[in-house]
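Below is one structure, written out as structure tokens, with a few remarks after it.
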Amino acid sequence: MQFGIFTVGDVTPDPTTGREPTENERIKAILTIAQKAEEVGLDVFALGEHHNKPFVPSSPTTMLGYIAAKTSTLQLSTSTTLITTNDPVKIAEDFSMLQHVSDGRTDLMLGRGNTGPVYPWFGQDIRQGIPLAIEHYQLLHRLFREENVDWSGKFRTPLQGFTSTPRPLDDVPPFVWHGSIRSPEIAEQAAFYGDGFFANNIFWPKEHYMRLIGYYRARFEQFGHGSADQAIVGLGGQAFMRKNSQDAKNEFRPYFDNAPVYGHGPSMEDFTAQTPLTVGSPQEVIDRYAAMKDNFGHYQRQLFLMDHAGLPLKTVLEQLDLLGEEVVPVLRREMAEGRPAHVPDAPTHASLVAARDASVAAGVAPTSAPVAPVTAASAAARVPAAAGSSFGPAAQRAAGQGVVR
Amino acid sequence: MTARTIAVISAGLSKPSSTRMLADRLGESVADQLRLDGDDVEVKVVELRDLAQDITNNLLTGFPSAALADAVETVRASDGLVAVTPIFSASYSGLFKSFFDVIEPDALRSLPVLLAATGGTARHSLAIDFAMRPLFSYLHATVASTGVFAATDDWGASDDGVATLPDRIAKAATEFAGLIRVSTRSKDIIDPWALPPL
């Protein structure tokens, strides 16, 4: 099982001092935090992508390329790469390049992005978010696996005889996770391709994510990629720790109360009860996250959000010390307990190359298209009819509750 | 015999409130109408006052508390909705609107809805038609043409002597029960988490 951190890369004033870091300070802080992750024994660093203030990471592979050079074991990932507003051709090229630069320590997590204006800024329409995610990934999947691609679709200029360069390292594409806060269509897409599914987990109660992950696992099995408990699941998480539980609560409260996402809303106590945010001692964090497998099944990747809400770099680095030295070593043991041998680890470049070589040796076509012929059809069939609110909170979601035909 | 559930939303702020009184009268009147057919009717009342903080939190965090999720599910899974709000500043209350803002845009599609409102004087009564009705048209609900407005005076004596509040409640409930009887919506609710066949 992999443990790591993910960041959205927000520039938020420290609510206890009012001081806001400059973009340069924040960018350098993110690079420092990533290197610290490897130093304290974490496995993964995942970086968000944003094209609007107050966020800085507009160019994730530039930052991840630097981190690749400064680290040696850290797996580099994203949280998330925008499959809707990026050109899939550029995603294929950027991440194949990062694979070469990082000697294969690259995977990526795709997401739709929920900032309305980013879509028109990049020539797209947010109302087409799910069809875009489906069509763009269909193309990306081919570009990673095929040379001389002929392709045409609804959202991008056609390609005739196009080969994205460089080709993926060892001709094995980086592993792809599909990230979702709440859309069944994305769980469907991940299951269809046999890719990983990462549930954000930090913004909704666990019952919602149990349903989402349960759906992905069942469909993964139906599509013939393995048994439901072999599906590749990742979860987000969030923690703030001090040796003494009450010290953690006192120190984190002003950051919680003013946080960009949930600040000025529910109390910290309510929010920690409803979501995986855990504020307390390292042991409380261990207990909370060791129990995740009871709700979601044995899974492959746990990422923590540690550097947000204006927490100063010094504090974040202290948190990473606690996470890497006190929490994760215990979690590794606890997560290994009762884990069936047939449950795989998260795919790495080495494991994917080995799997490819094994299938070539067995005479199976190596990286062919997935099991069913029309890649978009099964997921597209589940897109609810475009209707209802164009504005307001409800409009920012796809169907999560029952819908009427 | 058909089992039916009527959801009643009351956005009154005081306890007790005349909005809740009107909501209860309408809910029971509709239930009585349907029971005449031999239907098994359950009326589920949701007091938005009890959910006011949860509704605000949902607007900020994007997810409902367990209690709010239950209330939303009560509305979504109902066979008919009675929506009652006090009229504030020429429209429904902010709390009333915020509740419908956090419900999925498609959740009320084709749902039979009976509109009702309360206010200090009958001069606010058209707010049902110029404020509430467009909201539910936007949500693609099936809105009964008759709404019920109860001014403070309506709770005393015989109103204008022609159509008393109980008369108007009965008239609206009869029409609304007719919409529920012919509605096929409840059969069309689909579960997006149901596993499709391969």
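In the structure tokens, chains take the letters A, B, ... in the order shown, each chain's residues start at 1, and ligands count up from 1 in the order shown.
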**Request:** Skip Asn86 of chain A itself and residues of its chain fewer than 3 positions away, then list as a list in words all residues within 10 Å of it, counting only C-alpha atoms.
**Result:**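 Close residues of Asn86 of chain A: Thr81, Leu82, Ile83, Val89, Lys90, Ile91, Arg112, Tyr119, Phe122, Gly123, Gln124 and His136 of chain A.
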**Request:** Run DSSP on the backbone and give me the residues of chain B it puts in strand (DSSP E), as an MDAnalysis selection string.
**Result:** chainID B and resid 3:10 40:47 80:88 91:92 112:119 142:143 148:151 189:190
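What separates atom CA of Asp14 of chain A from atom CA of Pro312 of chain A is a distance of 6.9 Å.
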Using only C-alpha atoms, what does the table of segment 66-135 of chain B residues within 12 Å of segment 141-154 of chain B look like, with each row giving the shortest atom pair and its distance in Å to one decimal, sorted by chain and ascending number, as a tab-separated table?
```
residue	atom	partner	partner_atom	distance
B:Val75	CA	B:Ala141	CA	11.9
B:Arg76	CA	B:Ala141	CA	11.2
B:Asp79	CA	B:Thr142	CA	11.4
B:Gly80	CA	B:Thr142	CA	9.4
B:Leu81	CA	B:Val143	CA	9.5
B:Val82	CA	B:Val143	CA	10.0
B:Ala83	CA	B:Gly147	CA	9.9
B:Val84	CA	B:Val148	CA	9.0
B:Thr85	CA	B:Phe149	CA	9.8
B:Pro86	CA	B:Ala150	CA	9.5
B:Ile87	CA	B:Phe149	CA	9.7
B:Pro105	CA	B:Ala141	CA	10.7
B:Asp106	CA	B:Ala141	CA	9.3
B:Ala107	CA	B:Ala141	CA	9.1
B:Leu108	CA	B:Ala141	CA	5.5
B:Arg109	CA	B:Ala141	CA	4.9
B:Ser110	CA	B:Ala141	CA	4.6
B:Leu111	CA	B:Ala141	CA	4.9
B:Pro112	CA	B:Thr142	CA	4.6
B:Val113	CA	B:Val143	CA	4.8
B:Leu114	CA	B:Ala144	CA	5.5
B:Leu115	CA	B:Gly147	CA	4.9
B:Ala116	CA	B:Val148	CA	4.6
B:Ala117	CA	B:Phe149	CA	4.9
B:Thr118	CA	B:Ala150	CA	4.8
B:Gly119	CA	B:Ala151	CA	5.0
B:Gly120	CA	B:Thr152	CA	5.2
B:Thr121	CA	B:Ala151	CA	4.8
B:Ala122	CA	B:Ala151	CA	5.2
B:Arg123	CA	B:Ala151	CA	8.5
B:His124	CA	B:Ala151	CA	8.2
B:Ser125	CA	B:Phe149	CA	5.6
B:Leu126	CA	B:Phe149	CA	8.5
B:Ala127	CA	B:Phe149	CA	9.1
B:Ile128	CA	B:Gly147	CA	6.8
B:Asp129	CA	B:Gly147	CA	8.1
B:Phe130	CA	B:Gly147	CA	11.7
B:Met132	CA	B:Gly147	CA	9.8
B:Arg133	CA	B:Val143	CA	7.4
B:Pro134	CA	B:Val143	CA	9.8
B:Leu135	CA	B:Ala141	CA	9.1
```
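Reported to one decimal place, the separation of atom CA of Thr74 of chain B from atom CA of Ala11 of chain B is 15.4 Å.
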**Message:** So that I can check the surroundings of Ala218 of chain A, please list as a ChimeraX atom specification every protein, DNA and RNA residue that reaches within 10 Å of it, counting only C-alpha atoms and ignoring chain neighbours fewer than 3 positions away.
**Reply:** /A:188,191,213-215,221-223,227-229,231 /B:195
**Message:** Give me, as a ChimeraX atom specification, the residues of segment 66-184 of chain A that a backbone DSSP run labels alpha helix (DSSP H).
**Reply:** /A:66-70,88-101,118-121,129-145,184
**Message:** What's around Val176 of chain A at 9 Å? Count only C-alpha atoms, leave out sequence neighbours fewer than 5 positions away in its own chain, and write the answer as a list in words.
**Reply:** Asp107, Leu108, Met109, Leu110, Ala190, Asp195, Gly196 and Phe197 of chain A
Writing out the chosen residues with C-alpha atoms as a PDB file, in the first residue's frame:
```
ATOM      1  CA  ASP A 107       1.344   8.360 -12.748  1.00  0.00           C
ATOM      2  CA  LEU A 108      -1.534  10.771 -13.101  1.00  0.00           C
ATOM      3  CA  MET A 109      -4.992  11.340 -11.740  1.00  0.00           C
ATOM      4  CA  LEU A 110      -7.607  12.782 -14.054  1.00  0.00           C
ATOM      5  CA  ALA A 190     -12.440   4.050 -14.284  1.00  0.00           C
ATOM      6  CA  ASP A 195      -7.880   2.060 -14.277  1.00  0.00           C
ATOM      7  CA  GLY A 196      -7.562   3.259 -10.698  1.00  0.00           C
ATOM      8  CA  PHE A 197     -10.314   5.161  -8.940  1.00  0.00           C
TER       9      PHE A 197
END
```
